[in-house]
Structures are given as structure tokens and as C-alpha cells.
Amino acid sequence: MKTNVQTDNLLFAVNESPPLWMAMVLAFQHVLVMYGEVALFPGIAGKLGGAPPDHIAFATFAAIAVSGLCTLIQVVRFGKIGAGLVIFMGSSTAYLACTIQALQLGGFALVATMAILSAPVELLLSYFLKYLRHIITPAVGGTIILLIVISFMPLAIHEWMGEKGSLYYGTADNLAVGLITLACFLGVNIFGGKGLKLWAPIITLTFGYFTAGCFNLLEFHHLHSSAWFGLPKGSYPGIALHLEVKHIPVLLAFVVVTVLNAVQTIGNCMLAQTVSIRGFKKVDYSRVQGALYADGVSNIIAGLAGTLPNETYSENIPVLKMTGVASRSVGLIAVALILTLAFMPKASAIILDMPLPVFAGFLVGLLAMMFHSGLHLILESGMNNQTGLMVGISVCVGMMAESQVFFPGVLPPALSPLTKNGIAAGGLAAILLSATFYLMPRPRLAFGIHPSVAHLPALIDRLTEGAETLKLTPRELSTLQLACEEVFMHVTSHFEGQKDPSSVQFRVIKDDDGILTEIQAGKKLRDVDGAGPRFSSGWTKASDIEALGLYLLRNIVKDIKHIHISGFTYVSFRL
């Protein structure tokens, strides 16, 4: 059985519980990483959009509260909504351009309406994910993770330089503080043991604060001006109910960004699974669907609360890998802490006063870990010529977009959310290339077979009849028949006694990398890509014979995958 080395060093997987003190410390570390963006972004957008101060104040409080509530949905998973993993939600900087446009046209009330109206797009994408499984693959998810790293690096550099116009902007002091913070991060992760890595984020940030103090870069403007406790300030902006024609372009911009954020959510959920599940073997698409549902619901909640749309935060996933603790209890305590901070301005001010070079040095370390994880997700999917092209082209497109100087006078300004965002442009390129490769004209064979042993000869006959269409050699045909027979027998064992079961669908495609076969069944089946049987002298049970057949299957095919989406099972392999 092939497992993911990223989970070999897991101390506590998602369903395991660490000691309470450890969960509390790790929850605090996660909040340190993501809280600043959640709390500051509504104020930045509000000021740039000319919103009233009382609406900005309320939107900031609402953003913090919604972040906690929507993170809870992701962590706990209510029915099909949520990933059931420690995935954090918060205000999305991807919406900055369209948010400013909406604020200028109708204030936070219009922003709220746009968030609500664009959310169904993400919900629909999640519902139809099973039809996109060949296009939005783990390789595409890994590519998006690489694009996130590329997109965040300019931000890290900007933060490292410091606040523009300040006394220390671009000085050697800022450079030194960032380098020392990064060196501390790397030192703990390279030379530290499992016990020390648990504390890596808080050690790094504490050391960074201390270093900034030594360089006279540590200031507490937010801390001195904040109260210990307080109810939300400002006034609720409401929701705009009267839309006009001039609002349509803004809505389209929100829809585009929502789709692109959905793609990012898919990548983040795939990555989170690799570092959260002990002995991780394959992506669980039901969790990916849940993450998308939660993301869409969170935008509706954010709109009703009068604040900005949300997204899943990539920065926290490397913290899971770094500490080796992905326990759900850490996420729950973090949710409680976020909601508490919404009513404790002075406590949250300490995080908001984090020196920019300290945050930048820490962020660069996180991005380095994220790059490794994204690359690992791509390689786990199997690297071939098409995957290599998809990754290379998408990363190049993302870098061109992220430069923001690629023919700025030629490309329409209305497309700026796409053309000036590396994740958006590169992610779209990855999806289009993946779709192109899948839809390319190739010899194909598709048919359905009733799931019963009596119809096994019909399966063999259909494959034999399709050998000429697929241009199979006698050896390829024999191997294909044997592999399909083993999977078919496994499938039929799940339909015994069931009246009028749906047909098992077979799809066979011959391409440059071999013969790809996918078998679809209308219910959840036991995995065919698990561990092999334990050989002994007592082979008597039918289940043992079935296990032996599946074991042999795994030795005559390659790249075998078994996924569940929306109540359907898809088994694929290559010859």
C-alpha cells in the first residue's frame, strides 16, 4: 500500500485528541497566523472604497465573528457542509478590487448583496464536482498550491520592506529582523525534534517580536488605543435590495472571483487531507465537496452579517504539517479564541501590532513548506508529459499575471481580477489545460453492464468487440479483460440481493501514456486500492478469494485510484 510520507510523522490526526494544554497552545499559534488578515482587510477595503467609519467598524467586528463561525462549519462538518478538517476561513483579499467598486457604488450594503448573490456559484460547483473529477484533479490542486506560493511571495516581500513612508521602510533593520525570524523558523524545523516542532510557530514569532524590540521596531499602537472588553462598534449597513444595470459588471466580477476562490479551496482541501489523515492514501472528494459547500455558505453568512466574502486560508495548512497535529480539537479551540477576540479588542491588538518584517519572515517559511506540499501532491498523482506541461504552463502564466506588468495597456481593465492575480490566471490555465487533455480526440470505448456474475461474459464480449476501436494488441486485450473482470466481480459483490441495480459503467481510453480504464458504480464500495491479503494456509472464505483477486489486480495495473463522490464510486487504472 502506498502511503503519504507527510503523514508518517503525524502526532495527532484529525480524529485524535492531544492533551488540552497542547491543543490550546496550537490553537493560539493558528490564530496568530491568520487573525491579522481577517481583522485588517475590512478596514483597508472600507477606507479605499470611501465607506462610512461606523460601517467599517461593524464590518470589522462581523468579519472576525463570521471567521470563527465559518471555521467551525469547516472543522465540525454539518452533514455534507464542511470538510471535517482544520481549515480556517476569513475575509478574502482576492475580492479587494470588486469590493472597492461595490463600496463606491453602494457601500457595504451592496458588498453584502454581491456576496450573497455570488455564493450559489460555488454551491453548484460543489454539487457537480463528480462531473469535473477528470479536470479538477489532485495534480491541478497541487498546481494551485504552487500558484498560491508564487502569489503570496510579493506580499511577503512588501511586508518585509515595512510600511511605505515609515522611518524604517526598506532599511537594513527590517531586512535583519525578517532574516533572523526566517532563520529561527528554519532552524527549528530543520534541527528540532518532534517535540520542539510543536512549538515552532510560537517560538518563531516570540523570537521575532524580541528581535524587533532589539531593533526598536516593536510598537503597540493598537494595544494602547484598545479597550479590554467591548461590544461591536458601528452600525449594521444592511443589504441592498434594489439593484440596477450598473451593478451587473460588479456582480460578474464577484462571480469570477468566487469561482477562482473555489478552485483555491479545492487545492487547499486536498493539501489539508495530505497532512491531516494518518496513512493518507488518496483524496477524499466528499471532503472537497464539503469544503466548497462550506465556502459558499460562509459567503452567504458574511453577506447577511454585512461584511466581506470569505475564503479558505492557505497559510494555516503548513502549520498543521510543521507541528504534526491536525486534531479537530485544535480547530474548535481556535474557533472559541477567534470569537472571544471579537469582543476583546486589546487582546487582538497584540496580534495586529505584529511587526511587518516578523510576519514576513514567518510567512516565507510557511510558503516554503507549502511549495513542498503542493509539489508532493502533484507527484503523488503520477507525473507524465501532460501533467508536466500543465504544471509548467500554469506556473508561467501565474508568474506573468503576478508581475502585473504584462501588457497592462492592452488587456481590458475589467479583466484585472483575472489578469493581475497569479492564482486566478494560473489556476484557470491549469483547469483549461486539464480539460483540453481530457477531451482530446482519442480511441474510446464506453458501455454499461448489469452488476451480476451472470453478465460477466457480456463484459468480456464488449471488451473483445472494442479491441479494434482501441487498437489493442492481444496481450493488452487479455490484461484489460483480466483487470476489468476482477473489479467487476468486486462491484457485483456489493449488489447481491438488490433489485434492479443500476448498470456498472465502463469507459476505456487509449492515449500516449497507455490504456486508461474507469469503472463507475452507483454506490459506495470497499476500496480496491488498499493493502494486500495476508497469505496463510487457511484460504477458505469467499472474501479471502476476493482479496487475493484485488491483490493480483494491483500487480498487473498501475496508477489505480478509488474515489467516492456524491454516492458514486469511481475506480480507475492504467495498463
# chains A, B, ... in the order shown; residues from 1 in each chain; ligands from 1
>>> closest_atom_pairs(of="stretch 120-199 of chain A", to="stretch 364-380 of chain A", cutoff="8 Å", atoms="only C-alpha atoms", output="Markdown table")
| residue | atom | partner | partner_atom | distance |
| --- | --- | --- | --- | --- |
| A:Pro138 | CA | A:Leu377 | CA | 6.4 |
| A:Ala139 | CA | A:Ile378 | CA | 4.4 |
| A:Val140 | CA | A:Ile378 | CA | 7.5 |
| A:Gly141 | CA | A:Leu377 | CA | 7.6 |
| A:Gly142 | CA | A:Gly374 | CA | 4.3 |
| A:Thr143 | CA | A:Gly374 | CA | 6.6 |
| A:Ile144 | CA | A:Gly374 | CA | 7.8 |
| A:Ile145 | CA | A:Gly374 | CA | 5.1 |
| A:Leu146 | CA | A:Phe371 | CA | 5.5 |
| A:Val149 | CA | A:Leu367 | CA | 5.5 |
| A:Phe152 | CA | A:Leu367 | CA | 7.8 |
| A:Met153 | CA | A:Val364 | CA | 7.2 |
| A:Ala156 | CA | A:Val364 | CA | 6.5 |
| A:Leu182 | CA | A:Gly365 | CA | 6.2 |
| A:Phe185 | CA | A:Gly365 | CA | 6.5 |
| A:Leu186 | CA | A:Gly365 | CA | 6.9 |
>>> residues_around(residues="A:Gln74", least_positions_apart="5", cutoff="9 Å", atoms="only C-alpha atoms", output="count of residues only")
13
>>> atom_distance(atom1="atom CA of A:Pro18", atom2="atom CA of A:Ser329")
7.9 Å
>>> closest_residue(among="A:Val330, A:Val491, A:Ala342, A:Met399", to="A:Ala65", atoms="only C-alpha atoms")
A:Ala342
>>> closest_residue(among="A:Tyr236, A:Tyr209, A:Phe407, A:Tyr438", to="A:Met354", atoms="only C-alpha atoms")
A:Tyr209
>>> closest_residue(among="A:Leu167, A:Leu179, A:Ile266, A:Cys98", to="A:Ser126", atoms="only C-alpha atoms")
A:Ile266
>>> closest_residue(among="A:Leu129, A:Leu456, A:Ala102, A:Cys484", to="A:Tyr293", atoms="only C-alpha atoms")
A:Leu129
>>> residues_around(residues="A:Ile338", least_positions_apart="2", cutoff="9 Å", atoms="only C-alpha atoms", output="PyMOL selection string")
chain A and resi 31+35+64-65+67-69+333-336+340-342+348
>>> select_by_dssp(residues="stretch 152-351 of chain A", states="helix (DSSP H, G or I)", output="ChimeraX atom specification")
/A:152-161,172-191,194-197,200-214,221-224,245-274,285-304,317-323,328-341,345-351
>>> closest_residue(among="A:Phe78, A:Phe12, A:Phe108, A:Phe573", to="A:Gly303", atoms="only C-alpha atoms")
A:Phe108
>>> select_by_dssp(residues="stretch 283-529 of chain A", states="strand (DSSP E)", output="list in words")
Asn310, Glu311, Thr312, Arg444, Leu445, Ala446, Phe447, Gly448, Ile449, Val504, Gln505, Phe506, Arg507, Val508, Ile509, Lys510, Asp511, Gly514, Ile515, Leu516, Thr517, Glu518, Ile519, Gln520 and Ala521 of chain A
>>> atom_distance(atom1="atom CA of A:Leu337", atom2="atom CA of A:Cys70")
13.5 Å
>>> atom_distance(atom1="atom CA of A:Gln104", atom2="atom CA of A:Pro309")
16.7 Å
